[in-house]
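Raw final_27.cif, mmCIF, C-alpha atoms and all ligand atoms:
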data_protein
loop_
_atom_site.label_atom_id
_atom_site.label_comp_id
_atom_site.auth_asym_id
_atom_site.auth_seq_id
_atom_site.Cartn_x
_atom_site.Cartn_y
_atom_site.Cartn_z
CA MET A 1 0.00 0.00 0.00
CA ILE A 2 1.28 3.48 -0.86
CA PRO A 3 0.64 5.93 1.95
CA SER A 4 -1.97 8.50 0.85
CA ARG A 5 0.37 11.42 1.65
CA LEU A 6 3.04 10.01 -0.67
CA PHE A 7 0.43 9.21 -3.37
CA SER A 8 -0.90 12.77 -3.53
CA ALA A 9 2.64 14.17 -3.64
CA ARG A 10 3.48 11.91 -6.61
CA LEU A 11 0.27 12.89 -8.38
CA ARG A 12 1.07 16.56 -7.92
CA VAL A 13 4.55 16.09 -9.43
CA LEU A 14 3.02 14.25 -12.39
CA LEU A 15 0.37 16.92 -13.01
CA GLU A 16 2.92 19.70 -12.80
CA GLY A 17 5.12 17.92 -15.34
CA MET A 18 2.28 17.47 -17.83
CA GLY A 19 0.62 20.80 -17.47
CA ARG A 20 -2.64 20.93 -15.54
CA TRP A 21 -5.76 19.69 -17.30
CA THR A 22 -8.82 21.75 -16.72
CA PRO A 23 -12.15 20.81 -18.28
CA SER A 24 -13.37 23.43 -20.75
CA ALA A 25 -16.88 23.76 -22.04
CA ARG A 26 -15.62 25.28 -25.28
CA VAL A 27 -13.69 22.18 -26.43
CA VAL A 28 -15.73 20.61 -29.22
CA LEU A 29 -14.53 17.27 -30.48
CA ARG A 30 -14.69 17.78 -34.25
CA PRO A 31 -13.17 15.19 -36.60
CA SER A 32 -10.46 17.67 -37.60
CA ARG A 33 -9.41 17.86 -33.96
CA LEU A 34 -9.22 14.11 -33.71
CA LEU A 35 -7.21 13.62 -36.86
CA PRO A 36 -3.88 15.07 -37.86
CA GLN A 37 -4.05 17.77 -40.58
CA HIS A 38 -2.75 15.56 -43.36
CA ALA A 39 -5.07 12.63 -42.60
CA SER A 40 -7.31 11.67 -45.49
CA PRO A 41 -11.04 12.42 -45.05
CA ARG A 42 -11.64 8.87 -46.35
CA LEU A 43 -10.65 7.65 -42.90
CA LEU A 44 -13.93 9.01 -41.61
CA SER A 45 -16.12 7.89 -44.46
CA VAL A 46 -18.83 5.43 -43.63
CA GLY A 47 -19.81 4.77 -47.27
CA CYS A 48 -20.72 1.33 -48.52
CA ALA A 49 -18.18 -1.00 -50.12
CA ASP A 50 -19.82 -0.41 -53.53
CA CYS A 51 -18.95 3.30 -53.49
CA THR A 52 -15.35 2.71 -52.53
CA LYS A 53 -15.06 0.30 -55.46
CA HIS A 54 -15.76 3.12 -57.92
CA GLN A 55 -13.27 5.50 -56.40
CA GLU A 56 -10.26 6.30 -58.59
CA PRO A 57 -7.00 4.73 -57.47
CA PRO A 58 -4.59 7.33 -56.15
CA ARG A 59 -2.49 8.76 -58.98
CA LYS A 60 1.27 8.46 -58.85
CA LYS A 61 2.66 11.84 -57.94
CA LEU A 62 4.99 13.34 -60.52
CA LEU A 63 8.45 14.19 -59.29
CA SER A 64 9.11 17.90 -58.98
CA GLU A 65 12.08 19.28 -60.89
CA LYS A 66 13.95 19.74 -57.60
CA LYS A 67 13.46 16.11 -56.66
CA LEU A 68 14.21 15.02 -60.20
CA LYS A 69 17.56 16.77 -59.94
CA ARG A 70 18.33 14.65 -56.95
CA HIS A 71 17.21 11.54 -58.80
CA PHE A 72 18.89 12.32 -62.11
CA VAL A 73 22.47 11.13 -62.24
CA ASP A 74 24.34 11.05 -65.53
CA HIS A 75 27.69 9.65 -64.48
CA ARG A 76 28.72 7.02 -62.00
CA ARG A 77 31.86 5.18 -60.87
CA VAL A 78 31.16 1.52 -60.21
CA LEU A 79 33.30 -1.25 -58.80
CA VAL A 80 32.18 -4.59 -60.24
CA ARG A 81 33.41 -7.94 -59.06
CA GLY A 82 32.41 -11.26 -60.58
CA GLY A 83 31.27 -14.05 -58.30
CA ARG A 84 33.89 -16.39 -56.88
CA GLY A 85 34.01 -19.95 -58.23
CA GLY A 86 33.06 -22.76 -55.86
CA ASP A 87 35.81 -24.99 -54.49
CA GLY A 88 36.46 -28.50 -55.76
CA VAL A 89 36.21 -31.31 -53.23
CA SER A 90 38.52 -34.18 -52.41
CA CYS A 91 36.76 -37.34 -51.20
CA PHE A 92 36.45 -41.04 -52.04
CA HIS A 93 33.53 -43.23 -52.87
CA SER A 94 32.41 -45.14 -49.84
CA GLU A 95 30.15 -48.18 -50.10
CA PRO A 96 29.87 -51.37 -48.04
CA ARG A 97 31.97 -54.22 -49.45
CA LYS A 98 33.67 -51.92 -51.94
CA GLU A 99 37.26 -51.44 -50.88
CA PHE A 100 38.59 -49.05 -53.53
CA GLY A 101 35.68 -46.85 -54.50
CA GLY A 102 37.87 -44.30 -56.21
CA PRO A 103 37.83 -40.50 -56.06
CA ASP A 104 34.40 -38.86 -56.32
CA GLY A 105 34.91 -35.24 -55.31
CA GLY A 106 32.93 -32.95 -57.67
CA ASP A 107 33.97 -29.65 -59.24
CA GLY A 108 32.86 -26.30 -57.86
CA GLY A 109 30.37 -24.18 -59.83
CA ASN A 110 31.51 -21.12 -61.78
CA GLY A 111 30.96 -17.68 -60.28
CA GLY A 112 28.22 -15.53 -61.81
CA HIS A 113 29.02 -12.62 -64.15
CA VAL A 114 27.94 -9.05 -63.51
CA ILE A 115 26.13 -7.80 -66.61
CA LEU A 116 25.01 -4.29 -67.53
CA ARG A 117 21.72 -4.42 -69.39
CA VAL A 118 19.78 -1.59 -71.03
CA ASP A 119 16.33 -1.06 -69.58
CA GLN A 120 14.18 1.59 -71.18
CA GLN A 121 12.23 2.06 -67.95
CA VAL A 122 15.38 3.35 -66.25
CA LYS A 123 15.91 7.03 -66.96
CA SER A 124 19.08 7.84 -65.09
CA LEU A 125 22.04 6.21 -63.39
CA SER A 126 20.70 7.06 -59.93
CA SER A 127 19.62 3.48 -59.31
CA VAL A 128 23.10 2.14 -60.11
CA LEU A 129 25.04 1.43 -56.93
CA SER A 130 28.72 2.13 -56.42
CA ARG A 131 29.71 -1.55 -56.16
CA TYR A 132 28.39 -4.90 -57.28
CA GLN A 133 29.50 -8.34 -56.20
CA GLY A 134 28.45 -11.25 -58.41
CA PHE A 135 26.97 -14.45 -56.95
CA GLY A 136 29.49 -17.11 -56.01
CA GLY A 137 29.42 -20.66 -57.37
CA GLU A 138 28.54 -23.55 -55.08
CA ASP A 139 31.27 -25.89 -53.84
CA GLY A 140 31.47 -29.37 -55.34
CA GLY A 141 30.07 -32.31 -53.38
CA ARG A 142 30.53 -36.01 -52.75
CA LYS A 143 29.42 -38.61 -55.31
CA ASN A 144 30.90 -36.50 -58.10
CA CYS A 145 28.28 -33.78 -57.60
CA PHE A 146 29.16 -30.50 -59.29
CA GLY A 147 28.39 -27.24 -57.52
CA GLN A 148 25.75 -24.97 -59.03
CA ASN A 149 26.98 -22.01 -61.08
CA GLY A 150 26.46 -18.57 -59.55
CA ALA A 151 23.46 -16.70 -60.97
CA LEU A 152 24.03 -13.81 -63.35
CA LEU A 153 23.72 -10.41 -61.73
CA TYR A 154 22.01 -7.91 -64.03
CA VAL A 155 22.48 -4.18 -63.44
CA ARG A 156 19.82 -2.13 -65.18
CA VAL A 157 21.18 0.96 -66.91
CA PRO A 158 19.41 3.55 -69.08
CA LEU A 159 19.58 3.58 -72.86
CA GLY A 160 22.61 5.57 -74.02
CA THR A 161 25.02 4.48 -71.29
CA LEU A 162 28.68 4.71 -72.22
CA VAL A 163 30.98 2.37 -70.30
CA LYS A 164 34.56 3.55 -69.80
CA GLU A 165 37.53 1.89 -68.17
CA GLY A 166 40.14 4.55 -67.51
CA ASN A 167 39.92 6.75 -70.58
CA GLU A 168 38.99 3.96 -72.94
CA VAL A 169 35.40 3.42 -74.05
CA VAL A 170 34.72 -0.29 -73.66
CA ALA A 171 31.01 -0.39 -74.46
CA ASP A 172 28.31 1.82 -75.86
CA LEU A 173 24.87 0.64 -74.80
CA SER A 174 22.81 2.65 -77.24
CA ARG A 175 20.28 0.05 -78.44
CA PRO A 176 17.35 -1.31 -76.45
CA GLY A 177 18.27 -4.68 -74.92
CA ASP A 178 22.05 -4.18 -75.25
CA GLU A 179 24.14 -6.06 -72.68
CA TYR A 180 27.75 -5.89 -71.59
CA ILE A 181 29.60 -8.30 -69.30
CA ALA A 182 31.15 -5.93 -66.80
CA ALA A 183 32.91 -8.58 -64.70
CA LEU A 184 33.42 -12.27 -65.40
CA GLY A 185 32.74 -14.77 -62.65
CA GLY A 186 35.66 -16.91 -61.46
CA ALA A 187 36.02 -20.49 -62.68
CA GLY A 188 35.00 -23.24 -60.27
CA GLY A 189 37.73 -25.40 -58.70
CA LYS A 190 38.30 -29.04 -59.70
CA GLY A 191 37.39 -31.96 -57.48
CA ASN A 192 39.81 -34.90 -57.05
CA ARG A 193 37.79 -36.96 -59.53
CA PHE A 194 39.15 -34.62 -62.23
CA PHE A 195 42.72 -35.67 -61.42
CA LEU A 196 42.05 -39.41 -61.81
CA ALA A 197 44.59 -40.85 -64.25
CA ASN A 198 46.06 -44.24 -65.14
CA ASP A 199 49.18 -43.54 -63.14
CA ASN A 200 47.29 -42.02 -60.22
CA ARG A 201 44.20 -44.01 -59.24
CA ALA A 202 43.66 -42.24 -55.92
CA PRO A 203 44.38 -38.52 -56.30
CA VAL A 204 43.74 -36.34 -53.29
CA THR A 205 44.33 -33.08 -55.12
CA CYS A 206 41.50 -30.60 -55.49
CA THR A 207 41.68 -26.94 -56.46
CA PRO A 208 39.92 -23.91 -54.95
CA GLY A 209 37.57 -21.70 -56.97
CA GLN A 210 39.03 -18.66 -58.72
CA PRO A 211 38.07 -15.16 -57.62
CA GLY A 212 35.90 -13.19 -60.03
CA GLN A 213 37.18 -10.42 -62.26
CA GLU A 214 37.36 -7.01 -60.61
CA ARG A 215 37.05 -3.77 -62.55
CA VAL A 216 36.40 -0.11 -61.92
CA LEU A 217 34.08 1.24 -64.60
CA PHE A 218 32.85 4.74 -65.30
CA LEU A 219 29.32 4.91 -66.59
CA GLU A 220 28.27 8.00 -68.50
CA LEU A 221 24.76 8.66 -69.71
CA LYS A 222 24.25 10.29 -73.07
CA THR A 223 20.56 10.61 -73.68
CA VAL A 224 19.40 8.97 -76.87
CA ALA A 225 16.53 10.64 -78.68
CA HIS A 226 15.65 11.39 -82.28
CA ALA A 227 15.40 15.14 -81.82
CA GLY A 228 17.14 17.39 -79.32
CA MET A 229 15.63 20.77 -78.44
CA VAL A 230 18.26 23.46 -77.91
CA GLY A 231 17.46 27.01 -76.90
CA PHE A 232 18.04 29.87 -74.53
CA PRO A 233 16.40 29.67 -71.08
CA ASN A 234 12.74 30.71 -71.16
CA SER A 235 12.44 30.19 -74.92
CA GLY A 236 9.63 27.71 -74.30
CA LYS A 237 11.29 24.32 -74.90
CA SER A 238 9.51 22.60 -72.03
CA SER A 239 6.18 24.18 -73.02
CA LEU A 240 6.70 22.86 -76.53
CA LEU A 241 7.53 19.36 -75.31
CA ARG A 242 4.38 19.41 -73.20
CA ALA A 243 2.36 20.52 -76.22
CA ILE A 244 3.58 17.85 -78.65
CA SER A 245 4.14 14.86 -76.35
CA ASN A 246 2.98 13.20 -73.19
CA ALA A 247 6.00 14.39 -71.17
CA LYS A 248 5.35 16.83 -68.33
CA PRO A 249 8.49 18.90 -67.70
CA THR A 250 8.07 21.88 -65.39
CA VAL A 251 7.28 25.20 -67.08
CA ALA A 252 7.89 28.51 -65.32
CA SER A 253 8.65 32.09 -66.27
CA TYR A 254 12.12 32.13 -64.76
CA PRO A 255 15.32 30.96 -66.50
CA PHE A 256 16.84 27.55 -65.86
CA THR A 257 13.59 25.93 -64.86
CA THR A 258 14.68 22.71 -66.51
CA LEU A 259 17.79 21.28 -64.91
CA ASN A 260 17.84 17.84 -66.48
CA PRO A 261 16.94 16.47 -69.89
CA HIS A 262 13.39 15.20 -70.36
CA ILE A 263 12.27 12.95 -73.16
CA GLY A 264 8.81 13.03 -74.66
CA ILE A 265 7.46 10.71 -77.33
CA VAL A 266 5.47 12.13 -80.24
CA HIS A 267 2.95 9.58 -81.54
CA TYR A 268 1.83 9.66 -85.16
CA GLU A 269 -1.24 8.08 -86.69
CA ASP A 270 0.81 5.46 -88.52
CA HIS A 271 2.14 4.33 -85.09
CA GLN A 272 5.46 5.95 -85.71
CA GLN A 273 7.09 7.33 -82.56
CA ILE A 274 9.64 10.10 -82.41
CA ALA A 275 11.54 10.80 -79.20
CA VAL A 276 12.21 14.47 -78.49
CA ALA A 277 14.60 15.57 -75.73
CA ASP A 278 14.20 18.85 -73.85
CA ILE A 279 17.72 19.94 -72.94
CA PRO A 280 18.30 22.57 -70.19
CA GLY A 281 18.70 26.15 -71.43
CA LEU A 282 21.96 27.27 -72.95
CA VAL A 283 23.44 30.77 -72.66
CA ARG A 284 26.15 32.70 -74.45
CA GLY A 285 29.50 31.53 -73.01
CA ALA A 286 28.17 28.16 -71.83
CA HIS A 287 31.40 26.56 -73.06
CA GLN A 288 33.18 28.71 -70.43
CA ASN A 289 30.83 27.27 -67.83
CA ARG A 290 28.39 30.19 -67.81
CA GLY A 291 24.79 29.46 -66.89
CA LEU A 292 24.49 25.73 -66.38
CA GLY A 293 27.66 25.22 -68.41
CA CYS A 294 27.71 22.80 -71.28
CA ALA A 295 28.02 19.53 -69.35
CA PHE A 296 24.51 18.53 -70.40
CA LEU A 297 25.39 19.09 -74.06
CA ARG A 298 26.60 15.51 -74.02
CA HIS A 299 22.89 14.67 -74.12
CA ILE A 300 22.67 16.33 -77.53
CA GLU A 301 25.55 14.36 -79.01
CA ARG A 302 23.37 11.32 -79.64
CA CYS A 303 20.37 13.17 -81.04
CA CYS A 304 19.87 12.50 -84.73
CA PHE A 305 18.60 16.00 -85.48
CA LEU A 306 18.14 19.27 -83.62
CA LEU A 307 15.39 21.80 -83.02
CA PHE A 308 16.67 25.30 -82.30
CA VAL A 309 13.92 26.91 -80.23
CA VAL A 310 13.97 30.72 -80.45
CA ASP A 311 11.96 33.14 -78.34
CA LEU A 312 10.44 35.55 -80.87
CA SER A 313 9.25 37.96 -78.18
CA VAL A 314 12.77 39.23 -77.40
CA PRO A 315 14.58 41.80 -79.58
CA GLU A 316 16.94 40.43 -82.24
CA PRO A 317 15.95 36.76 -81.88
CA TRP A 318 18.32 35.70 -84.72
CA THR A 319 21.32 36.28 -82.42
CA GLN A 320 20.01 33.39 -80.31
CA VAL A 321 20.44 30.96 -83.21
CA GLU A 322 23.95 32.25 -83.94
CA ASP A 323 24.93 31.94 -80.28
CA LEU A 324 23.46 28.46 -79.96
CA LYS A 325 25.31 27.24 -83.03
CA TYR A 326 28.53 28.82 -81.74
CA GLU A 327 28.19 27.06 -78.38
CA LEU A 328 27.45 23.70 -80.01
CA GLU A 329 30.45 24.09 -82.29
CA LYS A 330 32.65 24.94 -79.30
CA TYR A 331 31.49 21.79 -77.55
CA GLU A 332 31.99 19.48 -80.50
CA GLU A 333 33.05 20.31 -84.01
CA GLY A 334 30.36 19.68 -86.59
CA LEU A 335 27.54 19.43 -84.01
CA SER A 336 25.82 22.56 -85.32
CA ALA A 337 25.84 21.14 -88.84
CA ARG A 338 23.45 18.30 -87.89
CA PRO A 339 20.10 18.31 -89.69
CA HIS A 340 18.00 20.86 -87.88
CA ALA A 341 14.91 23.04 -87.90
CA ILE A 342 14.42 26.50 -86.46
CA VAL A 343 11.35 26.89 -84.27
CA ALA A 344 10.23 30.46 -83.62
CA ASN A 345 8.10 30.26 -80.49
CA LYS A 346 5.62 32.65 -78.81
CA ILE A 347 4.06 33.79 -82.08
CA ASP A 348 0.86 34.53 -80.13
CA LEU A 349 2.50 37.67 -78.72
CA PRO A 350 1.95 40.72 -80.99
CA GLN A 351 5.56 41.94 -80.98
CA ALA A 352 6.73 38.42 -81.91
CA ARG A 353 4.74 38.19 -85.14
CA ALA A 354 6.31 41.41 -86.42
CA ARG A 355 9.83 40.00 -85.96
CA LEU A 356 9.26 36.83 -87.96
CA PRO A 357 10.07 38.14 -91.49
CA GLU A 358 13.33 39.71 -90.32
CA LEU A 359 14.34 36.51 -88.51
CA GLN A 360 13.83 34.46 -91.66
CA ALA A 361 15.69 37.02 -93.78
CA ARG A 362 18.65 37.16 -91.40
CA LEU A 363 18.94 33.39 -91.05
CA GLY A 364 18.36 32.77 -94.75
CA GLN A 365 16.12 29.82 -94.00
CA LYS A 366 12.55 29.14 -93.05
CA ALA A 367 11.58 29.19 -89.40
CA ILE A 368 8.55 27.32 -88.10
CA ALA A 369 6.58 29.99 -86.28
CA LEU A 370 4.29 28.59 -83.60
CA SER A 371 2.94 29.05 -80.13
CA ALA A 372 3.50 26.31 -77.59
CA VAL A 373 0.91 27.85 -75.28
CA THR A 374 -2.00 28.34 -77.71
CA GLY A 375 -1.03 25.39 -79.94
CA GLU A 376 -0.99 27.58 -83.06
CA ASN A 377 0.82 25.98 -86.04
CA LEU A 378 2.03 22.93 -84.10
CA GLU A 379 1.05 20.73 -87.07
CA GLU A 380 3.77 22.27 -89.22
CA LEU A 381 6.38 21.34 -86.62
CA LEU A 382 5.01 17.80 -86.31
CA LEU A 383 5.10 17.31 -90.09
CA HIS A 384 8.62 18.71 -90.32
CA LEU A 385 9.72 16.46 -87.46
CA LYS A 386 8.43 13.48 -89.40
CA ASP A 387 10.32 14.58 -92.53
CA LEU A 388 13.55 14.94 -90.54
CA HIS A 389 12.97 11.50 -89.06
CA ASP A 390 12.29 9.91 -92.46
CA ASP A 391 15.49 11.47 -93.86
CA HIS A 392 17.42 10.11 -90.88
CA VAL A 393 16.01 6.60 -91.39
CA ALA A 394 16.90 6.72 -95.11
CA THR A 395 20.51 7.82 -94.45
CA GLU A 396 21.01 5.23 -91.70
CA LEU A 397 19.71 2.44 -93.94
CA ALA A 398 21.90 3.67 -96.81
CA ARG A 399 24.91 3.42 -94.47
CA GLY A 400 23.88 -0.13 -93.57
CA ARG A 401 22.97 0.79 -90.00
CA GLN A 402 19.77 0.16 -88.13
CA PRO A 403 17.96 3.46 -87.35
CA LEU A 404 17.02 4.23 -83.75
CA ARG A 405 13.57 2.91 -82.82
CA TRP A 406 11.45 3.74 -79.80
N1 LIG A 501 2.97 33.73 -74.67
C1 LIG A 501 3.64 32.61 -74.72
N2 LIG A 501 4.37 32.24 -73.67
C2 LIG A 501 5.05 31.09 -73.75
C3 LIG A 501 5.03 30.28 -74.90
N3 LIG A 501 5.83 29.19 -74.67
C4 LIG A 501 6.31 29.33 -73.44
N4 LIG A 501 5.85 30.45 -72.87
C5 LIG A 501 6.15 30.95 -71.52
O1 LIG A 501 7.55 31.13 -71.41
C6 LIG A 501 7.99 30.82 -70.09
C7 LIG A 501 9.13 29.83 -70.15
O2 LIG A 501 8.66 28.62 -70.67
P1 LIG A 501 9.46 27.23 -70.48
O3 LIG A 501 8.75 26.23 -71.31
O4 LIG A 501 9.67 26.93 -69.05
O5 LIG A 501 10.84 27.63 -71.13
P2 LIG A 501 12.16 26.74 -71.23
O6 LIG A 501 12.80 27.03 -72.53
O7 LIG A 501 11.85 25.32 -70.95
O8 LIG A 501 13.03 27.36 -70.08
P3 LIG A 501 14.23 26.68 -69.28
O9 LIG A 501 13.73 25.39 -68.72
O10 LIG A 501 14.57 27.65 -68.22
O11 LIG A 501 15.35 26.48 -70.25
C8 LIG A 501 6.77 30.30 -69.36
O12 LIG A 501 6.24 31.31 -68.57
C9 LIG A 501 5.80 29.92 -70.47
O13 LIG A 501 4.46 30.06 -70.08
C10 LIG A 501 4.24 30.71 -76.01
O14 LIG A 501 4.15 30.07 -77.06
N5 LIG A 501 3.57 31.88 -75.86
MG MG A 502 12.39 24.10 -69.49
#

As structure tokens, the full file:
Amino acid sequence: MIPSRLFSARLRVLLEGMGRWTPSARVVLRPSRLLPQHASPRLLSVGCADCTKHQEPPRKKLLSEKKLKRHFVDHRRVLVRGGRGGDGVSCFHSEPRKEFGGPDGGDGGNGGHVILRVDQQVKSLSSVLSRYQGFGGEDGGRKNCFGQNGALLYVRVPLGTLVKEGNEVVADLSRPGDEYIAALGGAGGKGNRFFLANDNRAPVTCTPGQPGQERVLFLELKTVAHAGMVGFPNSGKSSLLRAISNAKPTVASYPFTTLNPHIGIVHYEDHQQIAVADIPGLVRGAHQNRGLGCAFLRHIERCCFLLFVVDLSVPEPWTQVEDLKYELEKYEEGLSARPHAIVANKIDLPQARARLPELQARLGQKAIALSAVTGENLEELLLHLKDLHDDHVATELARGRQPLRW
């Protein structure tokens, strides 16, 4: 029994620690008070099972550009090690009334390889870990039982991954389904049965499994798409990609909204699909690391043709094309000479329409004037895109190469 004096003292200490509770007539127990702010109102619903059946499943939330930046990784250093081979075994057959059963130690299984495999669902190298260890082979067993080979370890990489060892390019995974053996598994050891010979009827020798191959590889992602959109920040590249494809890159009125390449697929009625990449904005002097620099220009290298997106609402828009071509040329010689089209965006703005004839005259070529926001003249771009794609397919086939397919 606790003495009542001590009990009340303890209770007082407890109440003082917690803050005194006083009943209040104004406290109304509403559901919002019972539930935390973020709790779903469905928790309180008392609807029948039938109604819940017709409710839409929760949509997958799109990653914000900020999060995407965290998720998007375009180069990675990886240590790959093949699986170790299983050991061979030394033992002798044992059976009643059989004096010399002979050697029956089985061989160890081979270690598993580590294989890089292109997966089109993977969009960046963020899911690739810094080290991989292949599965080891099983040791051999009695009764001449061979150990099981180690399973193959597949590492999923995005389309367009370049594999380098030191400065040497060892593989270019630019086709769907491409595979590259990054590290070979070690060979399994031999059991003593293997060493049975006419002059040695009872060998006791067995060999251990070999360690797997070990390599340090550098993976580099170079986005593969048919068309690459290049333009100054705010020229409307992401808006255009949204308008012509199912991709949903972030659009905002401040420069450098897009920080990573996005790929959208344009579907045509004849089931043809053209992949268009939205590359982060480029500025004058990008090759000297101004703006976002030109590190992401590697994503343009693989594009078969380019779309120069120009903002027609700014004064002297033709200088944008000249600057863009200059920056591309600085990055890689001949890059600006790729088949291309000039897209003059924001034609819905009154000052933009007036600048169109001068732009065409200065550039000496036709520009596709359109508005990504209102959708005006998008058909012309889509038709031109198809022409560029058809030309690309024809030249690739003429060179005896398989054109890129999505
Ligand atoms: N009026 C008008 N505004 C447009 C058009 N296209 C884009 N914009 C606006 O221009 C701004 C920039 O658009 P974005 O699509 O984010 O431009 P971006 O080229 O992707 O920009 P970065 O990602 O920074 O390189 C946004 O406020 C868009 O609403 C257009 O055709 N007409
Ligand atoms: Mg953008």

- Message: Please return as a PyMOL selection string the residues found within 6 Å of ligand LIG 501 (chain A), counting all atoms listed in the file.
- Response: chain A and resi 233-239+251-253+255-258+280-281+345-346+348-349+371-373

- A straight line from atom CA of A:Gly334 to atom CA of A:Ala227 spans 16.3 Å

- Message: If we count all atoms listed in the file and set the cut-off at 10 Å, which residues sit around stretch 138-151 of chain A, ignoring sequence neighbours fewer than 6 positions away in its own chain? Please answer as a PyMOL selection string.
- Response: chain A and resi 82-94+103-114+185-194+208-209

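Contact shell of A:Gly285 at 10 Å (all atoms listed in the file; same-chain neighbours under 3 positions omitted): Leu282, Gln288, Asn289, Arg290, Gly291, Gly293, Cys294, Asp323, Leu324, Tyr326, Glu327 and Lys330 of chain A.
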
- Hey, what's within 12 Å of A:Pro249 if we count all atoms listed in the file and toss same-chain stuff fewer than 2 positions away? As JSON, numbers by chain, please? {"A": [62, 63, 64, 65, 66, 68, 236, 237, 238, 239, 240, 241, 242, 243, 245, 246, 247, 251, 252, 257, 258, 259, 260, 261, 262, 263, 264, 277, 278, 279, 280]}

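Atom to atom, atom CA of A:Gln121 and atom CA of A:Gln272 stand 19.4 Å apart.
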
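Remark: for A:Leu184, the closest of the candidate residues A:Cys304, A:Val80, A:Ile368, A:Leu363 is A:Val80 (distances computed over all atoms listed in the file).
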
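Each of A:Glu168, A:Thr250, A:Val204, A:Leu162 was checked against ligand MG 502 (chain A) using only C-alpha atoms and all ligand atoms; the smallest atom-to-atom distance is that of A:Thr250.
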
- Residue contacts of A:Glu316 (12 Å, all atoms listed in the file) excluding same-chain residues fewer than 4 positions away, as a list in words: Val310, Asp311, Leu312, Gln320, Val321, Glu322, Asp323, Gln351, Ala352, Ala354, Arg355, Leu356, Pro357, Glu358, Leu359, Gln360, Arg362 and Leu363 of chain A

- What lies within 9 Å of stretch 388-390 of chain A using all atoms listed in the file, ignoring chain neighbours under 6 positions off, as number ranges by chain? A: 226-227, 274, 304-305, 339-341

- Nearest to ligand MG 502 (chain A): which of A:Val169, A:Asp391, A:Arg201, A:Met229 is it, counting only C-alpha atoms and all ligand atoms? A:Met229

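The coordinates place atom CA of A:Gly212 at 7.9 Å from atom CA of A:Gly134.
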
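Of the residues under consideration (A:Pro317, A:Gly375, A:Pro403, A:Gly231), A:Gly231 shows the shortest atom-to-atom contact distance to ligand MG 502 (chain A) when counting all atoms listed in the file.
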
- Query: Taking into account only C-alpha atoms and all ligand atoms, which residue in the set A:Ala202, A:Val309, A:Ala394, A:Val118 is nearest to ligand MG 502 (chain A)?
  - Reply: A:Val309

- From the list A:Tyr331, A:Lys248, A:His267, A:Asp199, the nearest residue to ligand MG 502 (chain A) using all atoms listed in the file is A:Lys248

Have stretch 299-310 of chain A completed to N, CA and C atoms, please, and pass it along as a compact mmCIF listing (two decimals), in the frame of the given file.
# COMPACT_ATOMS: atom_id res chain seq x y z
N HIS A 299 24.18 15.31 -73.83
CA HIS A 299 22.89 14.67 -74.12
C HIS A 299 22.43 14.99 -75.54
N ILE A 300 23.05 15.99 -76.15
CA ILE A 300 22.67 16.33 -77.53
C ILE A 300 23.46 15.50 -78.53
N GLU A 301 24.65 15.07 -78.10
CA GLU A 301 25.55 14.36 -79.01
C GLU A 301 24.87 13.21 -79.75
N ARG A 302 23.98 12.50 -79.05
CA ARG A 302 23.37 11.32 -79.64
C ARG A 302 22.11 11.62 -80.43
N CYS A 303 21.62 12.86 -80.34
CA CYS A 303 20.37 13.17 -81.04
C CYS A 303 20.62 13.19 -82.55
N CYS A 304 19.68 12.63 -83.28
CA CYS A 304 19.87 12.50 -84.73
C CYS A 304 19.69 13.85 -85.41
N PHE A 305 18.79 14.67 -84.91
CA PHE A 305 18.60 16.00 -85.48
C PHE A 305 18.20 16.97 -84.37
N LEU A 306 18.32 18.27 -84.67
CA LEU A 306 18.14 19.27 -83.62
C LEU A 306 16.99 20.22 -83.93
N LEU A 307 16.40 20.74 -82.88
CA LEU A 307 15.39 21.80 -83.02
C LEU A 307 15.91 23.01 -82.26
N PHE A 308 16.23 24.07 -82.97
CA PHE A 308 16.67 25.30 -82.30
C PHE A 308 15.42 26.09 -81.94
N VAL A 309 15.14 26.21 -80.65
CA VAL A 309 13.92 26.91 -80.23
C VAL A 309 14.30 28.36 -79.89
N VAL A 310 13.65 29.30 -80.60
CA VAL A 310 13.97 30.72 -80.45
C VAL A 310 12.76 31.44 -79.86
